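Q: The structure follows.
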Amino acid sequence: ADGGDARWNVRFVGSEQALAALSAGGAELAGFHLPEPLPRASERAAVFDDARCFVEAVMRREQGLIVARGNPRRVKDVADLARPGLRFVNRQRGAGTRAWFDRLLRERGLKPSEIAGYEREEFTHFAVAASVAAGLADAGFGLRAAAVQLDLGFVPIGTERYFFAGARRLRTQPAVRSLLQQLRARATRMPGYARCRA
């Protein structure tokens with residue numbers, strides 16, 4: 001990725017893995033997301049309380065259930081995924097989206113074993129959408145942008161805030177500022193995204 005004159009070595013991993021890499025010194029910046037409203041201080045990522053790091057909100061994005069165009073299975077909520085015959089595709093363990101989905105199940109009194117396909121994992125939002133588009137699943141939890149890109153239906157569930165964290169010394173570096181500015185600008189052009197102020 002290009003951040004001004006800097007070149008970035010980008011790896012796409014789940015939020016938990018990104019924060020673990022940052023903590024272990026294996027990454028200089030880590031992107032991660034949390035559902036809104038944001039968790040209480042006792043439940044949020046440790047990086048928020050690490051004086052050595054900065055954390056900056058970059059964008060908001062909408063997540064929900066990705067379904068076939070026209071929503072032929074009439075999925076309206078996460079609870080509908082427990083209906084007999086409905087096939088789900090999940091995100092991988094360690095993904096922030098998976099953690100949010102698991103929380104939504106608990107809030108509705110559902111167990112993973114009640115969701116057909118819960119154990120079937122994909123590693124990106126677009127792979128989840130592609131599974132639905134190919135008829136391999138009836139629904140998946142993911143980004144509105146992925147559903148729009150593949151001309152699928154979308155049932156909104158909530159928004160999340162996407163953050164970048166890194167060593168405090170990097171926060172004012174021109175390459176980091178440029179990268180975050182570019183990401184904010186792109187967020188205004190993607191369906192289901194909105195920028196957060198610096």
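Naming scheme: A, B, ... for chains in displayed order of the structure tokens; residues 1 onward per chain; ligands 1 onward as shown.
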For the strand (DSSP E or B) assignment from backbone DSSP, which residues of range 1-168 of chain A qualify? Please present them as a PyMOL selection string.

A: chain A and resi 2-3+6-7+29-35+53-67+88-91+121-122+139-143+153-167

Q: Atoms to include: N, CA and C atoms. Write the selected residues as a short mmCIF file (atom, residue, chain, number, x, y, z; two decimals), in the first residue's frame.

A:
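Output contents, as saved in selection01.cif:
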data_model
loop_
_atom_site.label_atom_id
_atom_site.label_comp_id
_atom_site.auth_asym_id
_atom_site.auth_seq_id
_atom_site.Cartn_x
_atom_site.Cartn_y
_atom_site.Cartn_z
N ASP A 2 0.38 2.30 -0.58
CA ASP A 2 1.15 3.52 -0.68
C ASP A 2 0.65 4.53 0.33
N GLY A 3 1.53 5.05 1.19
CA GLY A 3 1.18 6.08 2.16
C GLY A 3 2.13 7.23 1.93
N ALA A 6 5.99 6.38 1.40
CA ALA A 6 6.29 5.12 2.10
C ALA A 6 5.64 3.95 1.38
N ARG A 7 6.25 2.80 1.52
CA ARG A 7 5.69 1.54 1.04
C ARG A 7 5.44 0.69 2.27
N LEU A 29 1.97 -1.19 12.76
CA LEU A 29 0.59 -0.71 12.83
C LEU A 29 -0.34 -1.91 12.80
N ALA A 30 -1.48 -1.77 13.45
CA ALA A 30 -2.48 -2.84 13.44
C ALA A 30 -3.85 -2.22 13.26
N GLY A 31 -4.61 -2.77 12.34
CA GLY A 31 -6.00 -2.37 12.17
C GLY A 31 -6.89 -3.35 12.91
N PHE A 32 -7.92 -2.81 13.57
CA PHE A 32 -8.88 -3.67 14.27
C PHE A 32 -10.19 -2.93 14.37
N HIS A 33 -11.27 -3.67 14.64
CA HIS A 33 -12.57 -3.03 14.72
C HIS A 33 -13.35 -3.53 15.91
N LEU A 34 -14.24 -2.66 16.39
CA LEU A 34 -15.10 -2.96 17.53
C LEU A 34 -16.51 -2.49 17.22
N PRO A 35 -17.52 -3.30 17.60
CA PRO A 35 -18.90 -2.89 17.36
C PRO A 35 -19.29 -1.69 18.21
N CYS A 53 1.39 3.23 23.00
CA CYS A 53 0.69 3.16 21.71
C CYS A 53 -0.29 4.30 21.51
N PHE A 54 -0.56 4.59 20.26
CA PHE A 54 -1.68 5.46 19.90
C PHE A 54 -2.77 4.58 19.31
N VAL A 55 -4.00 5.01 19.47
CA VAL A 55 -5.15 4.35 18.86
C VAL A 55 -5.98 5.45 18.22
N GLU A 56 -6.30 5.29 16.95
CA GLU A 56 -7.05 6.32 16.23
C GLU A 56 -8.17 5.69 15.42
N ALA A 57 -9.38 6.20 15.61
CA ALA A 57 -10.53 5.74 14.82
C ALA A 57 -10.39 6.29 13.41
N VAL A 58 -10.56 5.43 12.42
CA VAL A 58 -10.38 5.84 11.02
C VAL A 58 -11.72 5.89 10.28
N MET A 59 -12.56 4.88 10.51
CA MET A 59 -13.83 4.82 9.78
C MET A 59 -14.86 4.03 10.56
N ARG A 60 -16.10 4.21 10.14
CA ARG A 60 -17.20 3.37 10.61
C ARG A 60 -17.65 2.54 9.42
N ARG A 61 -18.12 1.34 9.72
CA ARG A 61 -18.62 0.51 8.64
C ARG A 61 -19.80 -0.31 9.13
N GLU A 62 -20.69 -0.61 8.20
CA GLU A 62 -21.93 -1.31 8.53
C GLU A 62 -21.78 -2.80 8.28
N GLN A 63 -22.17 -3.57 9.29
CA GLN A 63 -22.16 -5.03 9.16
C GLN A 63 -23.58 -5.55 9.30
N GLY A 64 -23.79 -6.69 8.70
CA GLY A 64 -25.11 -7.31 8.78
C GLY A 64 -25.08 -8.66 8.12
N LEU A 65 -26.24 -9.14 7.77
CA LEU A 65 -26.36 -10.46 7.15
C LEU A 65 -26.38 -10.31 5.63
N ILE A 66 -25.43 -10.96 5.00
CA ILE A 66 -25.35 -10.99 3.54
C ILE A 66 -26.21 -12.15 3.08
N VAL A 67 -27.18 -11.85 2.22
CA VAL A 67 -28.14 -12.86 1.76
C VAL A 67 -28.27 -12.76 0.24
N PHE A 88 -25.43 -21.28 6.82
CA PHE A 88 -24.65 -20.11 7.19
C PHE A 88 -23.19 -20.32 6.81
N VAL A 89 -22.49 -19.23 6.53
CA VAL A 89 -21.04 -19.26 6.36
C VAL A 89 -20.45 -18.23 7.32
N ASN A 90 -19.43 -18.63 8.06
CA ASN A 90 -18.87 -17.83 9.16
C ASN A 90 -17.52 -17.24 8.77
N ARG A 91 -17.03 -16.32 9.57
CA ARG A 91 -15.66 -15.84 9.47
C ARG A 91 -14.77 -16.71 10.35
N GLU A 121 -15.81 -21.77 7.63
CA GLU A 121 -15.13 -20.48 7.79
C GLU A 121 -14.57 -19.95 6.48
N GLU A 122 -14.66 -18.64 6.34
CA GLU A 122 -13.99 -17.92 5.26
C GLU A 122 -13.14 -16.82 5.90
N ALA A 139 -26.73 -17.37 4.03
CA ALA A 139 -26.43 -16.13 4.74
C ALA A 139 -25.04 -16.18 5.33
N GLY A 140 -24.46 -15.01 5.50
CA GLY A 140 -23.18 -14.85 6.18
C GLY A 140 -23.18 -13.49 6.85
N PHE A 141 -22.37 -13.32 7.87
CA PHE A 141 -22.28 -12.04 8.57
C PHE A 141 -21.08 -11.29 8.01
N GLY A 142 -21.31 -10.07 7.50
CA GLY A 142 -20.22 -9.33 6.90
C GLY A 142 -20.60 -7.92 6.52
N LEU A 143 -19.76 -7.30 5.74
CA LEU A 143 -19.89 -5.89 5.38
C LEU A 143 -20.91 -5.66 4.26
N GLY A 153 -28.28 -9.25 -1.39
CA GLY A 153 -29.11 -8.58 -0.40
C GLY A 153 -28.32 -8.37 0.88
N PHE A 154 -28.83 -7.46 1.72
CA PHE A 154 -28.13 -7.13 2.96
C PHE A 154 -29.16 -6.76 4.02
N VAL A 155 -29.03 -7.37 5.20
CA VAL A 155 -29.89 -7.08 6.34
C VAL A 155 -29.03 -6.40 7.39
N PRO A 156 -29.18 -5.08 7.59
CA PRO A 156 -28.31 -4.37 8.53
C PRO A 156 -28.50 -4.86 9.97
N ILE A 157 -27.37 -5.02 10.67
CA ILE A 157 -27.39 -5.41 12.08
C ILE A 157 -26.80 -4.31 12.95
N GLY A 158 -25.71 -3.69 12.52
CA GLY A 158 -25.10 -2.64 13.33
C GLY A 158 -23.89 -2.04 12.65
N THR A 159 -23.28 -1.09 13.34
CA THR A 159 -22.06 -0.45 12.83
C THR A 159 -20.91 -0.75 13.78
N GLU A 160 -19.74 -0.63 13.23
CA GLU A 160 -18.53 -0.81 14.03
C GLU A 160 -17.57 0.32 13.69
N ARG A 161 -16.63 0.52 14.59
CA ARG A 161 -15.60 1.52 14.36
C ARG A 161 -14.30 0.79 14.05
N TYR A 162 -13.63 1.21 13.00
CA TYR A 162 -12.35 0.61 12.61
C TYR A 162 -11.23 1.53 13.07
N PHE A 163 -10.27 0.95 13.79
CA PHE A 163 -9.17 1.69 14.38
C PHE A 163 -7.84 1.26 13.79
N PHE A 164 -6.85 2.16 13.91
CA PHE A 164 -5.46 1.80 13.72
C PHE A 164 -4.73 2.10 15.01
N ALA A 165 -3.83 1.20 15.37
CA ALA A 165 -3.00 1.38 16.56
C ALA A 165 -1.55 1.18 16.14
N GLY A 166 -0.66 1.83 16.88
CA GLY A 166 0.77 1.69 16.60
C GLY A 166 1.58 2.33 17.69
N ALA A 167 2.89 2.22 17.56
CA ALA A 167 3.79 2.86 18.53
C ALA A 167 3.53 4.36 18.52
#

Q: Could you pull out all residues of chain A with a DSSP call of alpha helix (DSSP H) and give them as JSON, numbers by chain?

A: {"A": [15, 16, 17, 18, 19, 20, 21, 22, 23, 24, 96, 97, 98, 99, 100, 101, 102, 103, 104, 105, 106, 107, 125, 126, 127, 128, 129, 130, 131, 132, 133, 144, 145, 146, 147, 148, 149, 174, 175, 176, 177, 178, 179, 180, 181, 182, 183, 184, 185, 186, 187]}

Q: Out of A:Thr97, A:Gln149, A:Thr172, A:Ser178, which residue has the shortest atom-to-atom distance to Ser15 in chain A when counting only C-alpha atoms?

A: A:Thr97

Q: Go through A:Leu105, A:Ala68, A:Ala82, A:Leu180 and flag the residue nearest Asp151 in chain A, using only C-alpha atoms for the distances.

A: A:Ala68

Q: With only C-alpha atoms as the counted atoms, please give the residues lying no more than 8 Å from Gly85 in chain A, apart from itself and same-chain residues fewer than 2 positions off, as an NGL selection string.

A: :A and (83 or 87 or 116)
